[in-house]
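Before any comments, here is the structure.
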Amino acid sequence: MKKIVGIVSALLSACLLAFAPTAGAVQVFTTAPEWAALVREIGGEDVIVSVATTGLQDPHRIQAKPSLITAARSADLVVANGAELEVAWLPLVIRASGNAQIQPGRPGYFEAAAYVRLIEAPVLLDRSQGDVHPLGNPHIHGDPRNMLSVGRALAARLAQIDPKNAAAYSNRYKRFTGTMRASIAVWERDAAPLRGVPILVQHKVFSYLESWLGIEEAGALEAIPGVEPSGAHLAEILARQAGNPARMVVYPAYQDDAPSRWVGERAKIPVVLLPSTLGGTPDASNLYKYYESMVRRLLDGLKSGGGAQNGESRVLE
Amino acid sequence: MRNSTAAAFAAAVSIPASLVFSSPALAAGDDEIARIREQLQEMKTVYEARIASLEERLERAEKRTENRPSAVRPASAPGREAPREATPVRTPVRADADFVAAAPPVYASAAPRQASPSAFNPEMSLILSGSYARMSKDPEQRRLQGFMPSGGERLPETRSFNLGETELALSANIDPFFRGEFRMAVAPDNTIGVEEANIQTLGLGHGFNVKAGRFLSGVGYLNEHHPHAWDFSDAPLPYQAFFGNALGMDGVQVRWLAPTDLFLEFGVEAARSRSFPTTDETRGKNGGLSGSAFARLGGDVGTSNSWRAGLSYFAARPRDRVYEDPLNATSSSFSGRSRTWIADFIWKWAPNGNARYRNLKIQGEYFSRPEKGDLTYDPDGAALVGDYKNRASGFYAQTVYQFLPRWRAGYRYDELRAGGASIGLVKSGALTIDDLPLLKSYRPKRHTVMLDFSPTEFSRVRVQFARDRTRPEAVDNQLWIQYIMSMGAHGAHKF
């Protein structure tokens, strides 16, 4: 026993010497591609960004795997989505990392959702409603205007962590808002035909996108968030088509398209794949192209479903 | 106030209610329902309009706030913005204060929070489980031939209906430096056990984490997982034989995570162990009792695969560890050194790392336990003493495949090797091995298959079938039907 302790402590001290911390760029651990992209916009060459998930992964289903713990170990800043999206794995990763700087409450821990107004806060907080997020719908990045308010807070936080580059963060943020505001104006103009258009969604991941573009959500295929749609509920949705017919059904890249296809075929409306985040589809390769892609895909859906009554269902990918 | 609350309640009810009533089968031909529906619809319209107007006001208010000139926003007043931009940031503190003032967090609940002593309540969760077991042999007769009893042989306790352990867990940050965790298990026989009660450091930094109190040892892979997180209804044979299901500790654990790209973690523990093979619970000496050390390596292969491998060592000095031989009802006791080595490995695969629809888990652990010391036969009577030396080993390998979103199937094989014990009393001719029938060498084996269904992340129902050959004279066919449900705080997705 004593021998073991001796060997281990010798190993520990050797490792400590070997891996003295390197000075330089701020290491940022982000939980999702959209926040990684935003950090890159504002941090530029002053940050090194790691991202825990890809656009093809269900953010609710991530595990505290070893590679994430390692990445958090060396981070100066954690940029999380917040609103309990990562509640199942991020606290575990942060605790296991043994990194004092990134513990919640410290400057090294940043939650994007704290800087925007959350919508769809559940009226009834009960698990009979599925895996509800008590603070509201956490998928805030669907609305690019949220990127502006989060970006502002993020620039401030980066400046706090890395004061010597404060001016650079501020300047990059200004440049970012300029480009973003101009882009938003273009997207809003392009997306004008979508205003008031009723759509069906498979999972409530696009609520912020809908509220931004004035799209009307006519229903969700998942009756209870996080639970696979039931046949009865899908039939009910189809029945509702008679009253206020939805013009298309959308699903996120990380979900199986079967329920959407089922409804699409029977209701004879287009089935539209939307990237729920960057990398969800090949064309959503950066922050601007992500929003562009969503607007374009929705417009395509609207167009192809033009003769809705007798049109064929098409899957747009 | 009362009126508005009532109206708000009605509005809240009206939305789900209108969905229910919109079902044509219900609405047709019933005047009263139609009338109620109309009223609800009216209320809904009124409230939607009010909410919309409030939202609009909020948006306007937000725009005003946004347009306020600040250090970081190129707002609509460029004239006022320009001088700020031109002024270089002199002191970081100043810039920092500006930034922070510019970006106050906005939370979802606009309503002011009321002071409440319950606001700091810890995260709470409760796990409920129960099973129905059908076994071809009496569980009371079950033993692991060749292995001194560890206390983990009997699970479930009896045939037919069994209540599982009910586990209550409370955890919270104590202050910026410590986190506390408490887990209590209420057994079906109404006894309460403290499973875990420990504090962990939060802010040590440099990759260090210290845990103190009662915890499950970090050795191996499965040891730290509580029964409700197991992929099968019972523990693998090596865990049953070597630790009596799990190695529990009352002591201190130090972990250190190396700052490498590959996951590399070391840990040491010094503790009063609460499990077989130790007798620490009844010992009254100063200083160290039992100790362990472990090292782990892990990482990803592409985005679809992740893995972890570990090597662990546990050392104990049991004193007068008495066991009763179930075959001839004589007692014997062991004193000496007990060491356990564990090699563990786990590999997880999910297409593109998206575990929602399909994923595969392959896991295995190998145990080896050398024990050396004295064996006393019949300590209360004849008390014959002789030396004892043995090396027992065992392993399990299992795979679990989620083939549909809510369905998983799994297979496990486990095997133990009792080893050829060198028993002084037998060698000297004082006893024959028939006097110590439990210690006759054997290789217990078991095949297990399971199928489970999880309607949500919080509930699971499982069917398991095992063909248990842990003793030479019997083959036990075991069928389990089990439920495991958790309520309260969202469970952690441990790797």
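Going through the structure tokens in order, the chains are called A, B, and so on, while each chain numbers its residues from 1 and the ligands are numbered from 1 in the order shown.
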Listing only residues of chain A within 6 Å of chain B, what is the closest atom pair and its distance in Å (to one decimal) for each, using only C-alpha atoms, sorted by chain and residue number ascending, as a tab-separated table?
```
residue	atom	partner	partner_atom	distance
A:Gln57	CA	B:Asn354	CA	4.4
A:Asp58	CA	B:Asn354	CA	5.9
A:Gln63	CA	B:His493	CA	4.8
A:Ala64	CA	B:Phe495	CA	5.4
A:Lys65	CA	B:Phe495	CA	5.1
A:Pro66	CA	B:Gly298	CA	5.6
A:Ser67	CA	B:Gly299	CA	4.9
A:Thr70	CA	B:Phe263	CA	5.4
A:Ala88	CA	B:Ala492	CA	4.6
A:Trp89	CA	B:His493	CA	5.4
A:Ser97	CA	B:Gly207	CA	5.9
A:Gly98	CA	B:Gly207	CA	3.9
A:Asn99	CA	B:Gly205	CA	4.4
A:Ala100	CA	B:Gly203	CA	4.2
A:Ala114	CA	B:Pro105	CA	5.3
A:Tyr115	CA	B:Pro105	CA	4.7
A:Val116	CA	B:Val106	CA	5.9
A:Arg117	CA	B:Ala108	CA	5.5
A:Leu118	CA	B:Ala108	CA	5.0
A:Ala153	CA	B:Ala103	CA	5.2
A:Ala156	CA	B:Phe99	CA	4.6
A:Gln160	CA	B:Asp96	CA	5.4
A:Pro163	CA	B:Pro92	CA	5.1
A:Ser170	CA	B:Val72	CA	5.3
A:Lys174	CA	B:Pro74	CA	5.8
```
Enumerate the residues of stretch 10-117 of chain A with a DSSP assignment of helix (DSSP H, G or I), computed from the backbone, and present them as a short mmCIF file (atom, residue, chain, number, x, y, z; two decimals) with N, CA and C atoms, in the first residue's frame.
```cif
data_model
loop_
_atom_site.label_atom_id
_atom_site.label_comp_id
_atom_site.auth_asym_id
_atom_site.auth_seq_id
_atom_site.Cartn_x
_atom_site.Cartn_y
_atom_site.Cartn_z
N ALA A 10 4.88 9.99 -7.00
CA ALA A 10 6.03 10.31 -7.85
C ALA A 10 5.56 10.59 -9.27
N LEU A 11 4.65 9.73 -9.74
CA LEU A 11 4.09 9.91 -11.08
C LEU A 11 3.39 11.26 -11.21
N LEU A 12 2.61 11.56 -10.17
CA LEU A 12 1.84 12.80 -10.18
C LEU A 12 2.77 14.00 -10.30
N SER A 13 3.81 14.02 -9.47
CA SER A 13 4.66 15.19 -9.48
C SER A 13 5.43 15.29 -10.80
N ALA A 14 5.80 14.15 -11.37
CA ALA A 14 6.49 14.16 -12.65
C ALA A 14 5.59 14.77 -13.72
N CYS A 15 4.32 14.34 -13.70
CA CYS A 15 3.37 14.85 -14.68
C CYS A 15 3.15 16.35 -14.51
N LEU A 16 3.07 16.78 -13.25
CA LEU A 16 2.84 18.19 -12.97
C LEU A 16 3.94 19.04 -13.60
N LEU A 17 5.18 18.57 -13.46
CA LEU A 17 6.30 19.32 -14.02
C LEU A 17 6.25 19.30 -15.55
N ALA A 18 5.88 18.14 -16.09
CA ALA A 18 5.90 17.98 -17.54
C ALA A 18 4.87 18.84 -18.24
N PRO A 33 -22.16 23.65 -31.50
CA PRO A 33 -21.48 24.33 -32.62
C PRO A 33 -21.84 25.81 -32.76
N GLU A 34 -23.11 26.18 -32.45
CA GLU A 34 -23.47 27.58 -32.63
C GLU A 34 -22.70 28.49 -31.68
N TRP A 35 -22.45 27.99 -30.48
CA TRP A 35 -21.71 28.81 -29.51
C TRP A 35 -20.23 28.81 -29.85
N ALA A 36 -19.75 27.72 -30.41
CA ALA A 36 -18.36 27.69 -30.87
C ALA A 36 -18.17 28.74 -31.96
N ALA A 37 -19.15 28.83 -32.88
CA ALA A 37 -19.05 29.78 -33.97
C ALA A 37 -19.08 31.22 -33.44
N LEU A 38 -19.95 31.46 -32.48
CA LEU A 38 -20.04 32.80 -31.91
C LEU A 38 -18.75 33.18 -31.19
N VAL A 39 -18.19 32.23 -30.46
CA VAL A 39 -16.93 32.51 -29.76
C VAL A 39 -15.83 32.81 -30.77
N ARG A 40 -15.82 32.10 -31.88
CA ARG A 40 -14.80 32.36 -32.91
C ARG A 40 -14.99 33.73 -33.52
N GLU A 41 -16.25 34.15 -33.71
CA GLU A 41 -16.52 35.48 -34.26
C GLU A 41 -15.92 36.56 -33.36
N ILE A 42 -16.10 36.38 -32.06
CA ILE A 42 -15.72 37.44 -31.12
C ILE A 42 -14.30 37.26 -30.61
N GLY A 43 -13.87 36.01 -30.51
CA GLY A 43 -12.54 35.76 -29.98
C GLY A 43 -11.45 35.79 -31.03
N GLY A 44 -11.81 35.51 -32.27
CA GLY A 44 -10.82 35.53 -33.36
C GLY A 44 -9.62 34.67 -33.04
N GLU A 45 -8.45 35.23 -33.26
CA GLU A 45 -7.22 34.45 -33.05
C GLU A 45 -6.79 34.46 -31.58
N ASP A 46 -7.54 35.17 -30.74
CA ASP A 46 -7.20 35.20 -29.31
C ASP A 46 -7.80 34.03 -28.53
N PRO A 59 -28.66 17.06 -28.54
CA PRO A 59 -27.98 17.68 -27.39
C PRO A 59 -28.47 17.17 -26.04
N HIS A 60 -29.66 16.53 -26.05
CA HIS A 60 -30.19 16.03 -24.77
C HIS A 60 -29.54 14.71 -24.37
N ARG A 61 -28.88 14.03 -25.34
CA ARG A 61 -28.45 12.67 -25.10
C ARG A 61 -26.94 12.51 -24.92
N PRO A 66 -14.95 10.69 -21.55
CA PRO A 66 -13.61 11.11 -21.14
C PRO A 66 -13.05 12.29 -21.94
N SER A 67 -13.29 12.31 -23.27
CA SER A 67 -12.70 13.39 -24.08
C SER A 67 -13.25 14.75 -23.66
N LEU A 68 -14.49 14.79 -23.21
CA LEU A 68 -15.08 16.07 -22.79
C LEU A 68 -14.45 16.54 -21.48
N ILE A 69 -14.21 15.58 -20.58
CA ILE A 69 -13.61 15.92 -19.29
C ILE A 69 -12.21 16.48 -19.52
N THR A 70 -11.47 15.84 -20.43
CA THR A 70 -10.13 16.30 -20.76
C THR A 70 -10.16 17.72 -21.33
N ALA A 71 -11.12 17.97 -22.24
CA ALA A 71 -11.20 19.30 -22.86
C ALA A 71 -11.55 20.36 -21.82
N ALA A 72 -12.41 20.01 -20.87
CA ALA A 72 -12.82 20.97 -19.84
C ALA A 72 -11.67 21.24 -18.85
N ARG A 73 -10.80 20.26 -18.70
CA ARG A 73 -9.68 20.37 -17.77
C ARG A 73 -8.79 21.57 -18.11
N LEU A 90 -23.19 18.31 -18.43
CA LEU A 90 -22.18 19.35 -18.22
C LEU A 90 -21.73 19.50 -16.76
N PRO A 91 -22.66 19.52 -15.79
CA PRO A 91 -22.20 19.62 -14.40
C PRO A 91 -21.22 18.50 -14.04
N LEU A 92 -21.48 17.31 -14.58
CA LEU A 92 -20.62 16.17 -14.31
C LEU A 92 -19.22 16.39 -14.90
N VAL A 93 -19.20 16.87 -16.14
CA VAL A 93 -17.93 17.14 -16.82
C VAL A 93 -17.14 18.20 -16.06
N ILE A 94 -17.83 19.26 -15.66
CA ILE A 94 -17.15 20.36 -14.99
C ILE A 94 -16.59 19.92 -13.64
N ARG A 95 -17.35 19.12 -12.92
CA ARG A 95 -16.85 18.65 -11.62
C ARG A 95 -15.67 17.69 -11.80
N ALA A 96 -15.79 16.80 -12.78
CA ALA A 96 -14.73 15.81 -12.97
C ALA A 96 -13.44 16.45 -13.50
N SER A 97 -13.58 17.63 -14.11
CA SER A 97 -12.40 18.25 -14.73
C SER A 97 -11.39 18.72 -13.69
N ALA A 100 -10.81 24.69 -11.39
CA ALA A 100 -11.50 25.61 -10.49
C ALA A 100 -12.11 26.79 -11.24
N GLN A 101 -11.47 27.21 -12.33
CA GLN A 101 -11.90 28.42 -13.05
C GLN A 101 -13.28 28.32 -13.67
N ILE A 102 -13.67 27.11 -14.08
CA ILE A 102 -14.89 26.97 -14.88
C ILE A 102 -16.09 26.51 -14.07
N ALA A 112 -25.32 31.08 -22.20
CA ALA A 112 -25.92 31.97 -23.19
C ALA A 112 -27.36 32.31 -22.85
N ALA A 113 -28.12 31.33 -22.38
CA ALA A 113 -29.55 31.53 -22.18
C ALA A 113 -29.86 32.58 -21.11
N ALA A 114 -28.86 32.91 -20.30
CA ALA A 114 -29.08 33.92 -19.27
C ALA A 114 -29.22 35.32 -19.86
N TYR A 115 -28.88 35.48 -21.14
CA TYR A 115 -28.87 36.81 -21.74
C TYR A 115 -29.97 37.02 -22.77
#
```
**Asked** In Å, with one decimal, what is the gap from atom CA of B:Asp435 to atom CA of B:Gly394?
**Response** 25.1 Å
**Request:** Mind checking which residues fall within 7 Å of B:Tyr401, counting only C-alpha atoms, ignoring those fewer than 4 positions away in the same chain, and posting them as a PyMOL selection string?
**Result:** chain B and resi 359-361+408-410
**Request:** Excluding B:Phe465 and residues on its chain fewer than 6 positions from it, collect all residues at most 10 Å away from it, counting only C-alpha atoms, and give them as an NGL selection string.
**Result:** :B and (133-135 or 232-233 or 411 or 447-451 or 477-481)
Output of the above residues as a tab-separated table (two decimals), in the first residue's frame, restricted to all heavy atoms:
```tsv
chain	number	residue	atom	x	y	z
B	133	ALA	N	-39.40	-12.37	-9.80
B	133	ALA	CA	-38.37	-13.32	-10.19
B	133	ALA	C	-38.93	-14.73	-10.17
B	133	ALA	O	-39.70	-15.10	-9.28
B	133	ALA	CB	-37.18	-13.22	-9.23
B	134	ARG	N	-38.55	-15.48	-11.20
B	134	ARG	CA	-38.94	-16.88	-11.24
B	134	ARG	C	-37.64	-17.66	-11.38
B	134	ARG	O	-36.90	-17.49	-12.35
B	134	ARG	CB	-39.85	-17.11	-12.44
B	134	ARG	CG	-40.43	-18.49	-12.47
B	134	ARG	CD	-41.21	-18.77	-13.74
B	134	ARG	NE	-41.42	-20.21	-13.81
B	134	ARG	CZ	-42.41	-20.83	-13.17
B	134	ARG	NH1	-43.28	-20.15	-12.46
B	134	ARG	NH2	-42.53	-22.15	-13.24
B	135	MET	N	-37.34	-18.50	-10.38
B	135	MET	CA	-36.06	-19.19	-10.38
B	135	MET	C	-36.29	-20.67	-10.18
B	135	MET	O	-37.10	-21.08	-9.34
B	135	MET	CB	-35.19	-18.66	-9.26
B	135	MET	CG	-35.23	-17.14	-9.21
B	135	MET	SD	-33.95	-16.45	-8.24
B	135	MET	CE	-33.45	-15.11	-9.28
B	232	PHE	N	-27.90	-4.75	-16.38
B	232	PHE	CA	-28.57	-6.01	-16.09
B	232	PHE	C	-29.15	-5.91	-14.68
B	232	PHE	O	-28.77	-5.02	-13.92
B	232	PHE	CB	-27.59	-7.19	-16.20
B	232	PHE	CG	-27.14	-7.43	-17.62
B	232	PHE	CD1	-26.08	-6.72	-18.16
B	232	PHE	CD2	-27.80	-8.35	-18.42
B	232	PHE	CE1	-25.68	-6.92	-19.48
B	232	PHE	CE2	-27.41	-8.56	-19.73
B	232	PHE	CZ	-26.35	-7.85	-20.27
B	233	SER	N	-30.03	-6.82	-14.36
B	233	SER	CA	-30.72	-6.69	-13.07
B	233	SER	C	-29.83	-7.00	-11.87
B	233	SER	O	-30.14	-6.61	-10.76
B	233	SER	CB	-31.93	-7.64	-13.05
B	233	SER	OG	-32.77	-7.36	-14.13
B	411	TYR	N	-26.41	-8.90	-23.85
B	411	TYR	CA	-25.95	-10.24	-23.51
B	411	TYR	C	-24.71	-10.10	-22.63
B	411	TYR	O	-23.86	-9.23	-22.85
B	411	TYR	CB	-25.59	-11.02	-24.79
B	411	TYR	CG	-24.82	-12.30	-24.49
B	411	TYR	CD1	-25.48	-13.39	-23.93
B	411	TYR	CD2	-23.45	-12.38	-24.71
B	411	TYR	CE1	-24.79	-14.54	-23.61
B	411	TYR	CE2	-22.74	-13.53	-24.40
B	411	TYR	CZ	-23.41	-14.61	-23.84
B	411	TYR	OH	-22.72	-15.74	-23.51
B	447	HIS	N	-24.66	-17.32	-18.23
B	447	HIS	CA	-25.06	-16.58	-19.44
B	447	HIS	C	-26.29	-15.77	-19.09
B	447	HIS	O	-27.20	-16.26	-18.45
B	447	HIS	CB	-25.46	-17.54	-20.56
B	447	HIS	CG	-24.33	-18.38	-21.06
B	447	HIS	ND1	-23.47	-17.95	-22.05
B	447	HIS	CD2	-23.91	-19.61	-20.71
B	447	HIS	CE1	-22.58	-18.90	-22.29
B	447	HIS	NE2	-22.82	-19.93	-21.48
B	448	THR	N	-26.33	-14.53	-19.55
B	448	THR	CA	-27.48	-13.68	-19.26
B	448	THR	C	-27.90	-12.93	-20.52
B	448	THR	O	-27.04	-12.41	-21.23
B	448	THR	CB	-27.14	-12.63	-18.17
B	448	THR	OG1	-26.44	-13.28	-17.12
B	448	THR	CG2	-28.38	-11.96	-17.61
B	449	VAL	N	-29.19	-12.87	-20.78
B	449	VAL	CA	-29.69	-11.99	-21.84
B	449	VAL	C	-30.75	-11.08	-21.25
B	449	VAL	O	-31.42	-11.45	-20.28
B	449	VAL	CB	-30.31	-12.78	-23.03
B	449	VAL	CG1	-29.26	-13.48	-23.83
B	449	VAL	CG2	-31.37	-13.76	-22.54
B	450	MET	N	-30.86	-9.90	-21.80
B	450	MET	CA	-31.89	-8.99	-21.29
B	450	MET	C	-32.46	-8.16	-22.42
B	450	MET	O	-31.84	-7.97	-23.46
B	450	MET	CB	-31.32	-8.10	-20.18
B	450	MET	CG	-30.41	-7.00	-20.64
B	450	MET	SD	-31.34	-5.50	-21.06
B	450	MET	CE	-30.04	-4.45	-21.66
B	451	LEU	N	-33.67	-7.67	-22.19
B	451	LEU	CA	-34.32	-6.76	-23.13
B	451	LEU	C	-34.96	-5.69	-22.27
B	451	LEU	O	-35.68	-6.00	-21.32
B	451	LEU	CB	-35.39	-7.52	-23.92
B	451	LEU	CG	-36.21	-6.69	-24.91
B	451	LEU	CD1	-35.36	-6.30	-26.11
B	451	LEU	CD2	-37.44	-7.46	-25.37
B	477	ASN	N	-32.17	-21.64	-13.72
B	477	ASN	CA	-32.73	-20.77	-14.75
B	477	ASN	C	-33.48	-19.65	-14.06
B	477	ASN	O	-34.44	-19.89	-13.35
B	477	ASN	CB	-33.66	-21.56	-15.67
B	477	ASN	CG	-32.88	-22.57	-16.49
B	477	ASN	OD1	-31.79	-22.28	-16.97
B	477	ASN	ND2	-33.44	-23.76	-16.63
B	478	GLN	N	-33.02	-18.42	-14.30
B	478	GLN	CA	-33.59	-17.28	-13.56
B	478	GLN	C	-34.26	-16.32	-14.54
B	478	GLN	O	-33.63	-15.85	-15.48
B	478	GLN	CB	-32.49	-16.54	-12.81
B	478	GLN	CG	-31.65	-17.45	-11.92
B	478	GLN	CD	-30.42	-16.73	-11.39
B	478	GLN	OE1	-29.90	-15.82	-12.02
B	478	GLN	NE2	-29.96	-17.14	-10.23
B	479	LEU	N	-35.49	-16.01	-14.27
B	479	LEU	CA	-36.22	-15.03	-15.07
B	479	LEU	C	-36.56	-13.84	-14.19
B	479	LEU	O	-37.07	-14.00	-13.09
B	479	LEU	CB	-37.49	-15.67	-15.63
B	479	LEU	CG	-38.37	-14.72	-16.45
B	479	LEU	CD1	-37.77	-14.48	-17.82
B	479	LEU	CD2	-39.78	-15.26	-16.57
B	480	TRP	N	-36.24	-12.66	-14.68
B	480	TRP	CA	-36.57	-11.45	-13.93
B	480	TRP	C	-37.45	-10.55	-14.78
B	480	TRP	O	-37.22	-10.40	-15.97
B	480	TRP	CB	-35.34	-10.60	-13.66
B	480	TRP	CG	-34.23	-11.16	-12.88
B	480	TRP	CD1	-33.50	-12.26	-13.17
B	480	TRP	CD2	-33.66	-10.59	-11.70
B	480	TRP	NE1	-32.51	-12.42	-12.24
B	480	TRP	CE2	-32.59	-11.41	-11.33
B	480	TRP	CE3	-33.96	-9.47	-10.92
B	480	TRP	CZ2	-31.81	-11.14	-10.21
B	480	TRP	CZ3	-33.18	-9.21	-9.82
B	480	TRP	CH2	-32.12	-10.05	-9.47
B	481	ILE	N	-38.40	-9.93	-14.13
B	481	ILE	CA	-39.11	-8.82	-14.75
B	481	ILE	C	-38.97	-7.68	-13.75
B	481	ILE	O	-39.27	-7.85	-12.57
B	481	ILE	CB	-40.59	-9.17	-15.01
B	481	ILE	CG1	-40.65	-10.39	-15.92
B	481	ILE	CG2	-41.32	-7.98	-15.63
B	481	ILE	CD1	-42.00	-11.02	-16.00
```
**Message:** I'd like the neighbourhood of A:Val28 as number ranges by chain, where a residue qualifies if any of its atoms comes within 8 Å (using only C-alpha atoms), though same-chain residues fewer than 6 positions away should be ignored.
**Reply:** A: 39, 47-50, 75-79
Would you write out those residues with all heavy atoms, as a PDB file, in the first residue's frame?
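What landed in result38.pdb:
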```pdb
ATOM      1  N   VAL A  39     -18.186  32.232 -30.460  1.00  0.00           N
ATOM      2  CA  VAL A  39     -16.930  32.508 -29.755  1.00  0.00           C
ATOM      3  C   VAL A  39     -15.828  32.815 -30.767  1.00  0.00           C
ATOM      4  O   VAL A  39     -15.029  33.736 -30.572  1.00  0.00           O
ATOM      5  CB  VAL A  39     -16.535  31.315 -28.856  1.00  0.00           C
ATOM      6  CG1 VAL A  39     -15.143  31.519 -28.284  1.00  0.00           C
ATOM      7  CG2 VAL A  39     -17.534  31.124 -27.731  1.00  0.00           C
ATOM      8  N   VAL A  47      -8.562  33.190 -29.217  1.00  0.00           N
ATOM      9  CA  VAL A  47      -9.157  32.046 -28.516  1.00  0.00           C
ATOM     10  C   VAL A  47      -8.871  30.736 -29.258  1.00  0.00           C
ATOM     11  O   VAL A  47      -8.658  30.731 -30.471  1.00  0.00           O
ATOM     12  CB  VAL A  47     -10.696  32.186 -28.366  1.00  0.00           C
ATOM     13  CG1 VAL A  47     -11.059  33.351 -27.494  1.00  0.00           C
ATOM     14  CG2 VAL A  47     -11.358  32.297 -29.730  1.00  0.00           C
ATOM     15  N   ILE A  48      -8.839  29.659 -28.491  1.00  0.00           N
ATOM     16  CA  ILE A  48      -8.802  28.311 -29.073  1.00  0.00           C
ATOM     17  C   ILE A  48     -10.101  27.645 -28.626  1.00  0.00           C
ATOM     18  O   ILE A  48     -10.364  27.557 -27.424  1.00  0.00           O
ATOM     19  CB  ILE A  48      -7.592  27.516 -28.565  1.00  0.00           C
ATOM     20  CG1 ILE A  48      -6.298  28.196 -29.025  1.00  0.00           C
ATOM     21  CG2 ILE A  48      -7.651  26.073 -29.052  1.00  0.00           C
ATOM     22  CD1 ILE A  48      -5.053  27.602 -28.418  1.00  0.00           C
ATOM     23  N   VAL A  49     -10.901  27.227 -29.585  1.00  0.00           N
ATOM     24  CA  VAL A  49     -12.248  26.761 -29.265  1.00  0.00           C
ATOM     25  C   VAL A  49     -12.352  25.254 -29.413  1.00  0.00           C
ATOM     26  O   VAL A  49     -11.913  24.688 -30.412  1.00  0.00           O
ATOM     27  CB  VAL A  49     -13.285  27.447 -30.193  1.00  0.00           C
ATOM     28  CG1 VAL A  49     -14.693  27.014 -29.822  1.00  0.00           C
ATOM     29  CG2 VAL A  49     -13.148  28.948 -30.118  1.00  0.00           C
ATOM     30  N   SER A  50     -12.921  24.603 -28.411  1.00  0.00           N
ATOM     31  CA  SER A  50     -13.274  23.186 -28.572  1.00  0.00           C
ATOM     32  C   SER A  50     -14.785  23.082 -28.445  1.00  0.00           C
ATOM     33  O   SER A  50     -15.417  23.880 -27.747  1.00  0.00           O
ATOM     34  CB  SER A  50     -12.584  22.331 -27.512  1.00  0.00           C
ATOM     35  OG  SER A  50     -13.102  22.625 -26.240  1.00  0.00           O
ATOM     36  N   ALA A  75      -9.690  24.207 -20.020  1.00  0.00           N
ATOM     37  CA  ALA A  75     -10.434  25.385 -20.483  1.00  0.00           C
ATOM     38  C   ALA A  75     -10.281  26.559 -19.523  1.00  0.00           C
ATOM     39  O   ALA A  75     -10.196  26.384 -18.314  1.00  0.00           O
ATOM     40  CB  ALA A  75     -11.900  25.032 -20.650  1.00  0.00           C
ATOM     41  N   ASP A  76     -10.237  27.779 -20.098  1.00  0.00           N
ATOM     42  CA  ASP A  76     -10.292  28.993 -19.290  1.00  0.00           C
ATOM     43  C   ASP A  76     -11.733  29.478 -19.172  1.00  0.00           C
ATOM     44  O   ASP A  76     -12.068  30.239 -18.282  1.00  0.00           O
ATOM     45  CB  ASP A  76      -9.458  30.098 -19.936  1.00  0.00           C
ATOM     46  CG  ASP A  76      -8.015  29.682 -20.114  1.00  0.00           C
ATOM     47  OD1 ASP A  76      -7.397  29.310 -19.102  1.00  0.00           O
ATOM     48  OD2 ASP A  76      -7.522  29.688 -21.259  1.00  0.00           O
ATOM     49  N   LEU A  77     -12.540  29.045 -20.143  1.00  0.00           N
ATOM     50  CA  LEU A  77     -13.930  29.507 -20.178  1.00  0.00           C
ATOM     51  C   LEU A  77     -14.804  28.404 -20.751  1.00  0.00           C
ATOM     52  O   LEU A  77     -14.459  27.788 -21.756  1.00  0.00           O
ATOM     53  CB  LEU A  77     -14.023  30.763 -21.060  1.00  0.00           C
ATOM     54  CG  LEU A  77     -15.424  31.328 -21.342  1.00  0.00           C
ATOM     55  CD1 LEU A  77     -16.072  31.836 -20.059  1.00  0.00           C
ATOM     56  CD2 LEU A  77     -15.355  32.463 -22.359  1.00  0.00           C
ATOM     57  N   VAL A  78     -15.930  28.170 -20.082  1.00  0.00           N
ATOM     58  CA  VAL A  78     -16.936  27.250 -20.617  1.00  0.00           C
ATOM     59  C   VAL A  78     -18.090  28.086 -21.133  1.00  0.00           C
ATOM     60  O   VAL A  78     -18.618  28.933 -20.410  1.00  0.00           O
ATOM     61  CB  VAL A  78     -17.448  26.273 -19.528  1.00  0.00           C
ATOM     62  CG1 VAL A  78     -18.726  25.575 -19.980  1.00  0.00           C
ATOM     63  CG2 VAL A  78     -16.386  25.244 -19.208  1.00  0.00           C
ATOM     64  N   VAL A  79     -18.441  27.911 -22.391  1.00  0.00           N
ATOM     65  CA  VAL A  79     -19.608  28.602 -22.935  1.00  0.00           C
ATOM     66  C   VAL A  79     -20.686  27.551 -23.176  1.00  0.00           C
ATOM     67  O   VAL A  79     -20.564  26.721 -24.070  1.00  0.00           O
ATOM     68  CB  VAL A  79     -19.264  29.365 -24.227  1.00  0.00           C
ATOM     69  CG1 VAL A  79     -20.521  29.960 -24.833  1.00  0.00           C
ATOM     70  CG2 VAL A  79     -18.252  30.459 -23.925  1.00  0.00           C
TER      71      VAL A  79
END
```
**Item:** DSSP strand (DSSP E) residues within stretch 151-286 of chain A, listed as a PyMOL selection string
**Value:** chain A and resi 198-201+216-220+248-252+271-274
**Request:** Pick out the closest residue to A:Ser207 from this set: A:Leu234, A:Ile184, A:Ile62, A:Ala121. Count only C-alpha atoms.
**Result:**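 Closest candidate: A:Ala121.
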**Prompt:** Near A:Leu194, counting only C-alpha atoms, which residues have an atom at most 9 Å away, once you skip same-chain residues fewer than 6 positions from it, shown as a PyMOL selection string?
**Reply:** chain A and resi 213-216+295+298-299+302
